[in-house]
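Some notes on the structure that comes next.
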Amino acid sequence: MAWPYFLDCARYFASEEDGCFDPLELLRGGLEPEEPPPPSGLPATFIRFAHHSYAQMGRVLKRTATRCPQVARTYSIGRSFEGRDLLAIEFSSRPGQHELLEPEVKLVGNIHGNEVAGRELLIYLAQYLCSEYLQGHARIQRLLNTTRIHLLPSMNPDGYEVAAAEGAGYNGWTSGRQNAQNLDLNRNFPDLTSEFYRLAAVRGARADHIPIPQDYWWGKVAPETKAIMKWMRTTPFVLSASLHGGDLVVSYPFDYSKNPLESKMFSPTPDEKMFKLLARAYADVHPMMMDRSENRCGGNFLKRGSIINGADWYSFTGGMSDFNYLHSNCFEITVELGCVKFPPEEALYGLWQHNKEPLLNFVEMVHRGIKGVVMDKFGKPVKNARVLVKGIRHDVTTAPDGDYWRLLPPGSYIVTAQAPGHSRVMKRVTIPLRMKRAGRVDFILQPLGPGPKKFLPAFRRTASPGAREVRLDRERDLQPDLEPDLEPAVRRLPSAGGSKPWWWSYFTSLGPHRPRWLLKY
């Protein structure tokens with residue numbers, strides 16, 4: 001009896017005598033020659049700056065994880081349409097598990113199969129992180145000990161095979177761009193941006209964590225797209241970058257114009273300032289993006305600082321960056337690495353030198369803003385609590401452990417934490433201009449009693465150095481943000497006669513030092 005083609009022989013314990021034939025074996029590289037070893041006399045940290053086939057990429061990533069088992073592991077987030085594993089490598093002080101208050105970053109390459117620069121850069125970056133960690137590089141060790149980094153070199157391995165068959169220098173502008181279903185993966189995500197524009201016009205409507213419309217599943221959804229969405233659902237990503245090719249610029253959401261009839265229109269997110277900060281973190285340390293020549297690749301973006309709002313460049317729907325921002329807590333930018341989509345092998349070393357520091361600088365940006373834990377009065381984490389920032393219509397939610405991360409540029413903010421069945425707690429937070437580590441701001445939510453909903457006094461905790469935290473307990477500070485049925489506990493009804501005692505005005509003028517027991521009634 002022939003073995004069903006869709007079953008994996010190794011997973012189902014079938015032997016050769018049972019007639020198990022695995023048609024995907026060739027795709028997984030079982031018959032490809034081994035990658036040549038590094039020249040003799042070179043250290044184990046040697047990086048081979050060359051193009052990697054699918055099988056070679058898998059071997060390099062697995063060998064890297066074997067060299068650094070204490071900080072690295074490989075895993076698959078799913079399979080492509082033709083059955084190739086979407087192989088990722090993770091770097092963390094505890095590979096395979098989320099650590100409390102440790103932010104998670106993902107870098108995704110090769111979403112278009114013929115744009116291979118990002119694919120190779122992430123393969124090199126994986127080897128670099130491992131080697132530098134083993135050699136005791138302080139910056140890399142600190143980064144891996146405080147951050148969980150996920151690298152997905154190839155989101156579209158099927159398209160890459162089509163492009164690689166033509167080879168560098170011969171590849172057309174579109175050959176291999178789509179996946180094996182002829183789908184453009186960066187147009188295949190749900191269009192949540194249109195829904196955002198609709199919700200933004202509705203007063204009081206939440207315009208973040210927008211669910212996927214049911215009719216989206218009626219269309220053709222690529223398995224690679226599904227794998228990314230499942231990955232995002234199981235991992236609390238904070239920051240992300242998608243690496244492309246074809247120009248030299250960093251773009252950020254929104255990618256879809258707020259006027260659907262406009263092909264180019266500035267369409268900012270509520271986090272416009274933070275997205276510009278993230279884009280500049282990459283562009284400002286990239287030597288070619290900062291080159292003042294307008295005749296170079298990407299020279300038309302020079303006056304913009306080599307960054308641009310995506311819809312202001314060209315508008316399209318179904319992009320991965322917009323989906324990340326509107327469906328989850330993750331902020332994603334798009335990096336165009338150069339005008340040559342499939343660069344020749346001799347250009348790869350220079351490409352790495354230009355992008356190594358920008359990649360590291362960008363990953364370190366995940367430690368900007370604030371972070372903390374939302375818990376109840378018993379110290380138990382509150383899952384899916386919402387953390388709001390006044391003036392920015394985009395909330396983040398807590399992970400299963402109750403931890404959250406909120407990317408914010410320097411400034412003063414009123415931050416609120418709330419969850420069903422609990423009181424809402426507000427705090428004023430100031431992020432200094434030169435602060436490069438996220439300030440710690442925790443929240444303890446009190447349960448709501450059976451009576452009318454009221455705010456309970458916030459529990460004051462000391463923030464980490466650099467983040468000044470002040471509990472907002474003054475009626476005049478809280479009042480603008482309060483709903484009619486949610487008032488601070490310090491507000492009380494007047495005395496039965498409707499008038500206040502003669503000493504009332506004196507004690508209320510004392511501000512935070514006023515004796516509340518006297519003002520109880």
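Chain labels follow the order of the structure tokens: the first chain is A, the next B, and so on; residue numbering restarts at 1 in every chain, and ligands are counted from 1 in their shown order.
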Quick one: residues within 12 Å of Tyr75 (chain A), only C-alpha atoms counted, chain neighbours fewer than 4 positions away excluded, as an MDAnalysis selection string?
-> chainID A and resid 58 61:62 65 79 85:91 95:96 150:152 231
Tell me which protein, DNA and RNA residues are within 12 Å of Arg187 (chain A), counting only C-alpha atoms, leaving out same-chain ones fewer than 3 positions away, and put them as a ChimeraX atom specification.
-> /A:111-112,177-179,182-184,190-192,220-222,225,255-256,315-323
Check region 151-222 of chain A with DSSP on the backbone and list each residue it calls helix (DSSP H, G or I), as a list in words.
->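 Selection result, helix (DSSP H, G or I) within region 151-222 of chain A: Pro157, Asp158, Gly159, Tyr160, Glu161, Val162, Ala163, Ala164, Ala165, Glu166, Leu185, Asn186, Arg187, Thr193, Ser194, Glu195, Phe196, Tyr197, Arg198, Leu199, Ala200, Gln214, Asp215, Tyr216, Trp217 and Trp218 of chain A.
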Quick one, how far is CA of Tyr197 (chain A) from CA of Ser257 (chain A)?
->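 The value is 9.5 Å.
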May I have the residues within 6 Å of region 238-240 of chain A as a ChimeraX atom specification, using only C-alpha atoms and disregarding those fewer than 3 positions away in the same chain?
-> /A:104-107,329-332
Hey, what's within 7 Å of region 269-279 of chain A if we count only C-alpha atoms and toss same-chain stuff fewer than 5 positions away? As a PDB file with all heavy atoms, in the first residue's frame, please?
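Printed below is out_37.pdb as written:
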ATOM      1  N   VAL A 250      13.429  53.247   4.359  1.00  0.00           N
ATOM      2  CA  VAL A 250      12.681  52.584   5.436  1.00  0.00           C
ATOM      3  C   VAL A 250      11.293  53.188   5.450  1.00  0.00           C
ATOM      4  O   VAL A 250      11.135  54.409   5.569  1.00  0.00           O
ATOM      5  CB  VAL A 250      13.359  52.784   6.809  1.00  0.00           C
ATOM      6  CG1 VAL A 250      12.560  52.072   7.899  1.00  0.00           C
ATOM      7  CG2 VAL A 250      14.795  52.284   6.777  1.00  0.00           C
ATOM      8  N   SER A 251      10.278  52.341   5.321  1.00  0.00           N
ATOM      9  CA  SER A 251       8.903  52.824   5.358  1.00  0.00           C
ATOM     10  C   SER A 251       8.199  52.283   6.587  1.00  0.00           C
ATOM     11  O   SER A 251       8.602  51.274   7.164  1.00  0.00           O
ATOM     12  CB  SER A 251       8.142  52.430   4.089  1.00  0.00           C
ATOM     13  OG  SER A 251       7.886  51.037   4.061  1.00  0.00           O
ATOM     14  N   TYR A 252       7.136  52.981   6.975  1.00  0.00           N
ATOM     15  CA  TYR A 252       6.411  52.595   8.187  1.00  0.00           C
ATOM     16  C   TYR A 252       4.923  52.796   7.941  1.00  0.00           C
ATOM     17  O   TYR A 252       4.508  53.529   7.039  1.00  0.00           O
ATOM     18  CB  TYR A 252       6.898  53.416   9.385  1.00  0.00           C
ATOM     19  CG  TYR A 252       6.778  54.908   9.219  1.00  0.00           C
ATOM     20  CD1 TYR A 252       5.617  55.582   9.580  1.00  0.00           C
ATOM     21  CD2 TYR A 252       7.824  55.659   8.675  1.00  0.00           C
ATOM     22  CE1 TYR A 252       5.497  56.946   9.423  1.00  0.00           C
ATOM     23  CE2 TYR A 252       7.704  57.035   8.512  1.00  0.00           C
ATOM     24  CZ  TYR A 252       6.537  57.665   8.889  1.00  0.00           C
ATOM     25  OH  TYR A 252       6.419  59.020   8.716  1.00  0.00           O
ATOM     26  N   PRO A 253       4.055  52.153   8.736  1.00  0.00           N
ATOM     27  CA  PRO A 253       2.598  52.221   8.516  1.00  0.00           C
ATOM     28  C   PRO A 253       2.047  53.636   8.696  1.00  0.00           C
ATOM     29  O   PRO A 253       2.670  54.450   9.383  1.00  0.00           O
ATOM     30  CB  PRO A 253       2.047  51.279   9.590  1.00  0.00           C
ATOM     31  CG  PRO A 253       3.191  50.393   9.959  1.00  0.00           C
ATOM     32  CD  PRO A 253       4.405  51.248   9.822  1.00  0.00           C
ATOM     33  N   PHE A 254       0.899  53.866   8.083  1.00  0.00           N
ATOM     34  CA  PHE A 254       0.101  52.916   7.348  1.00  0.00           C
ATOM     35  C   PHE A 254       0.584  52.801   5.915  1.00  0.00           C
ATOM     36  O   PHE A 254       1.095  53.756   5.337  1.00  0.00           O
ATOM     37  CB  PHE A 254      -1.368  53.319   7.360  1.00  0.00           C
ATOM     38  CG  PHE A 254      -2.059  53.095   8.676  1.00  0.00           C
ATOM     39  CD1 PHE A 254      -2.708  54.116   9.330  1.00  0.00           C
ATOM     40  CD2 PHE A 254      -2.045  51.846   9.264  1.00  0.00           C
ATOM     41  CE1 PHE A 254      -3.357  53.901  10.539  1.00  0.00           C
ATOM     42  CE2 PHE A 254      -2.693  51.604  10.460  1.00  0.00           C
ATOM     43  CZ  PHE A 254      -3.350  52.636  11.108  1.00  0.00           C
ATOM     44  N   ILE A 307      13.488  57.913   5.089  1.00  0.00           N
ATOM     45  CA  ILE A 307      12.327  57.239   5.682  1.00  0.00           C
ATOM     46  C   ILE A 307      11.077  57.850   5.065  1.00  0.00           C
ATOM     47  O   ILE A 307      11.093  58.995   4.606  1.00  0.00           O
ATOM     48  CB  ILE A 307      12.284  57.374   7.215  1.00  0.00           C
ATOM     49  CG1 ILE A 307      12.021  58.828   7.639  1.00  0.00           C
ATOM     50  CG2 ILE A 307      13.565  56.868   7.845  1.00  0.00           C
ATOM     51  CD1 ILE A 307      11.736  58.984   9.115  1.00  0.00           C
ATOM     52  N   ILE A 333       8.160  47.814  10.850  1.00  0.00           N
ATOM     53  CA  ILE A 333       8.573  48.686   9.754  1.00  0.00           C
ATOM     54  C   ILE A 333       9.016  47.826   8.576  1.00  0.00           C
ATOM     55  O   ILE A 333       9.233  46.614   8.714  1.00  0.00           O
ATOM     56  CB  ILE A 333       9.717  49.635  10.171  1.00  0.00           C
ATOM     57  CG1 ILE A 333      10.983  48.828  10.518  1.00  0.00           C
ATOM     58  CG2 ILE A 333       9.300  50.517  11.326  1.00  0.00           C
ATOM     59  CD1 ILE A 333      12.230  49.677  10.686  1.00  0.00           C
ATOM     60  N   PHE A 362      18.305  48.772  15.560  1.00  0.00           N
ATOM     61  CA  PHE A 362      16.851  48.654  15.504  1.00  0.00           C
ATOM     62  C   PHE A 362      16.335  47.689  16.568  1.00  0.00           C
ATOM     63  O   PHE A 362      15.345  47.980  17.253  1.00  0.00           O
ATOM     64  CB  PHE A 362      16.410  48.185  14.116  1.00  0.00           C
ATOM     65  CG  PHE A 362      14.938  47.909  14.015  1.00  0.00           C
ATOM     66  CD1 PHE A 362      14.026  48.946  13.925  1.00  0.00           C
ATOM     67  CD2 PHE A 362      14.456  46.609  14.018  1.00  0.00           C
ATOM     68  CE1 PHE A 362      12.660  48.698  13.854  1.00  0.00           C
ATOM     69  CE2 PHE A 362      13.094  46.348  13.946  1.00  0.00           C
ATOM     70  CZ  PHE A 362      12.196  47.401  13.854  1.00  0.00           C
ATOM     71  N   MET A 365      15.943  49.062  19.952  1.00  0.00           N
ATOM     72  CA  MET A 365      14.847  50.011  20.147  1.00  0.00           C
ATOM     73  C   MET A 365      13.665  49.394  20.880  1.00  0.00           C
ATOM     74  O   MET A 365      12.783  50.113  21.351  1.00  0.00           O
ATOM     75  CB  MET A 365      14.385  50.565  18.799  1.00  0.00           C
ATOM     76  CG  MET A 365      15.372  51.496  18.139  1.00  0.00           C
ATOM     77  SD  MET A 365      15.625  53.024  19.069  1.00  0.00           S
ATOM     78  CE  MET A 365      14.024  53.802  18.876  1.00  0.00           C
ATOM     79  N   ILE A 392      -3.115  58.899  22.569  1.00  0.00           N
ATOM     80  CA  ILE A 392      -2.699  57.959  21.522  1.00  0.00           C
ATOM     81  C   ILE A 392      -3.763  56.870  21.446  1.00  0.00           C
ATOM     82  O   ILE A 392      -3.901  56.053  22.361  1.00  0.00           O
ATOM     83  CB  ILE A 392      -1.320  57.336  21.809  1.00  0.00           C
ATOM     84  CG1 ILE A 392      -0.267  58.430  21.940  1.00  0.00           C
ATOM     85  CG2 ILE A 392      -0.932  56.361  20.699  1.00  0.00           C
ATOM     86  CD1 ILE A 392       1.124  57.904  22.268  1.00  0.00           C
ATOM     87  N   ARG A 393      -4.499  56.853  20.388  1.00  0.00           N
ATOM     88  CA  ARG A 393      -5.632  55.935  20.270  1.00  0.00           C
ATOM     89  C   ARG A 393      -5.173  54.560  19.796  1.00  0.00           C
ATOM     90  O   ARG A 393      -5.529  54.080  18.721  1.00  0.00           O
ATOM     91  CB  ARG A 393      -6.673  56.521  19.320  1.00  0.00           C
ATOM     92  CG  ARG A 393      -8.039  55.887  19.444  1.00  0.00           C
ATOM     93  CD  ARG A 393      -9.054  56.612  18.591  1.00  0.00           C
ATOM     94  NE  ARG A 393     -10.347  55.965  18.599  1.00  0.00           N
ATOM     95  CZ  ARG A 393     -11.399  56.389  17.896  1.00  0.00           C
ATOM     96  NH1 ARG A 393     -11.291  57.472  17.153  1.00  0.00           N
ATOM     97  NH2 ARG A 393     -12.543  55.741  17.945  1.00  0.00           N
ATOM     98  N   HIS A 394      -4.340  53.956  20.588  1.00  0.00           N
ATOM     99  CA  HIS A 394      -3.872  52.595  20.283  1.00  0.00           C
ATOM    100  C   HIS A 394      -3.416  51.964  21.594  1.00  0.00           C
ATOM    101  O   HIS A 394      -2.428  52.396  22.187  1.00  0.00           O
ATOM    102  CB  HIS A 394      -2.717  52.625  19.273  1.00  0.00           C
ATOM    103  CG  HIS A 394      -2.273  51.260  18.835  1.00  0.00           C
ATOM    104  ND1 HIS A 394      -2.895  50.572  17.817  1.00  0.00           N
ATOM    105  CD2 HIS A 394      -1.299  50.444  19.299  1.00  0.00           C
ATOM    106  CE1 HIS A 394      -2.294  49.396  17.656  1.00  0.00           C
ATOM    107  NE2 HIS A 394      -1.325  49.305  18.549  1.00  0.00           N
ATOM    108  N   LEU A 408       7.231  54.004  23.370  1.00  0.00           N
ATOM    109  CA  LEU A 408       6.857  55.415  23.427  1.00  0.00           C
ATOM    110  C   LEU A 408       8.088  56.280  23.212  1.00  0.00           C
ATOM    111  O   LEU A 408       9.171  55.957  23.712  1.00  0.00           O
ATOM    112  CB  LEU A 408       6.234  55.761  24.780  1.00  0.00           C
ATOM    113  CG  LEU A 408       4.838  55.214  25.094  1.00  0.00           C
ATOM    114  CD1 LEU A 408       4.509  55.437  26.559  1.00  0.00           C
ATOM    115  CD2 LEU A 408       3.789  55.869  24.201  1.00  0.00           C
ATOM    116  N   PRO A 409       7.942  57.389  22.500  1.00  0.00           N
ATOM    117  CA  PRO A 409       9.051  58.342  22.402  1.00  0.00           C
ATOM    118  C   PRO A 409       9.169  59.128  23.701  1.00  0.00           C
ATOM    119  O   PRO A 409       8.258  59.103  24.538  1.00  0.00           O
ATOM    120  CB  PRO A 409       8.633  59.243  21.233  1.00  0.00           C
ATOM    121  CG  PRO A 409       7.144  59.181  21.223  1.00  0.00           C
ATOM    122  CD  PRO A 409       6.778  57.804  21.696  1.00  0.00           C
TER     123      PRO A 409
END
Counting only C-alpha atoms, which of A:Glu120, A:Asp208, A:Asp291, A:Glu115 gets nearest to Met57 (chain A)?
->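 Counting only C-alpha atoms, the residue closest to Met57 (chain A) is A:Glu120.
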From CA of Arg48 (chain A) to CA of Ala168 (chain A) the spacing works out at 17.0 Å
Run DSSP on the backbone and grab whatever in region 116-228 of chain A lands in strand (DSSP E or B); send it over as an MDAnalysis selection string.
-> chainID A and resid 148:152
A:His51, A:His327, A:Arg198, A:His98 ranked by distance to Asp403 (chain A), top pick (using only C-alpha atoms) = A:His98
Using only C-alpha atoms, determine which residues lie at most 9 Å from Gly245 (chain A), disregarding the query and same-chain residues fewer than 2 positions distant; provide the list as a list in words.
-> Asn110, His112, Asn114, Glu115, Val116, Ala117, Gly118, Leu243, Asp247, Leu248, Val335, Glu336, Leu337, Gly338, Cys339, Val340, Lys341 and Phe342 of chain A
File dump, residues just selected, C-alpha atoms, as a compact mmCIF listing (two decimals), in the first residue's frame:
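This went into result_38.txt:
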# COMPACT_ATOMS: atom_id res chain seq x y z
CA ASN A 110 12.43 37.02 1.74
CA HIS A 112 9.07 38.17 -1.85
CA ASN A 114 13.23 37.23 -5.53
CA GLU A 115 14.24 39.79 -2.88
CA VAL A 116 17.04 37.80 -1.33
CA ALA A 117 19.21 40.38 0.43
CA GLY A 118 17.18 40.15 3.64
CA LEU A 243 13.31 43.09 4.91
CA ASP A 247 14.95 50.51 -3.29
CA LEU A 248 16.89 52.02 -0.39
CA VAL A 335 13.25 48.06 5.18
CA GLU A 336 14.16 48.26 1.49
CA LEU A 337 17.78 47.12 1.42
CA GLY A 338 18.87 48.16 -2.07
CA CYS A 339 17.92 48.58 -5.70
CA VAL A 340 19.20 45.14 -6.73
CA LYS A 341 16.74 42.49 -5.61
CA PHE A 342 19.05 39.51 -6.22
Pick out the closest residue to Asp395 (chain A) from this set: A:Ser423, A:Gln127, A:Ser92, A:Thr416. Count only C-alpha atoms.
-> A:Thr416
Gap from CA of Ala227 (chain A) to CA of Asp312 (chain A) - Å, one decimal =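 A separation of 29.2 Å between them.
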Residues near Asp158 (chain A), cut-off 7 Å, only C-alpha atoms, skip fewer than 3 positions along chain, as a ChimeraX atom specification | /A:80,82,161-162,179-180
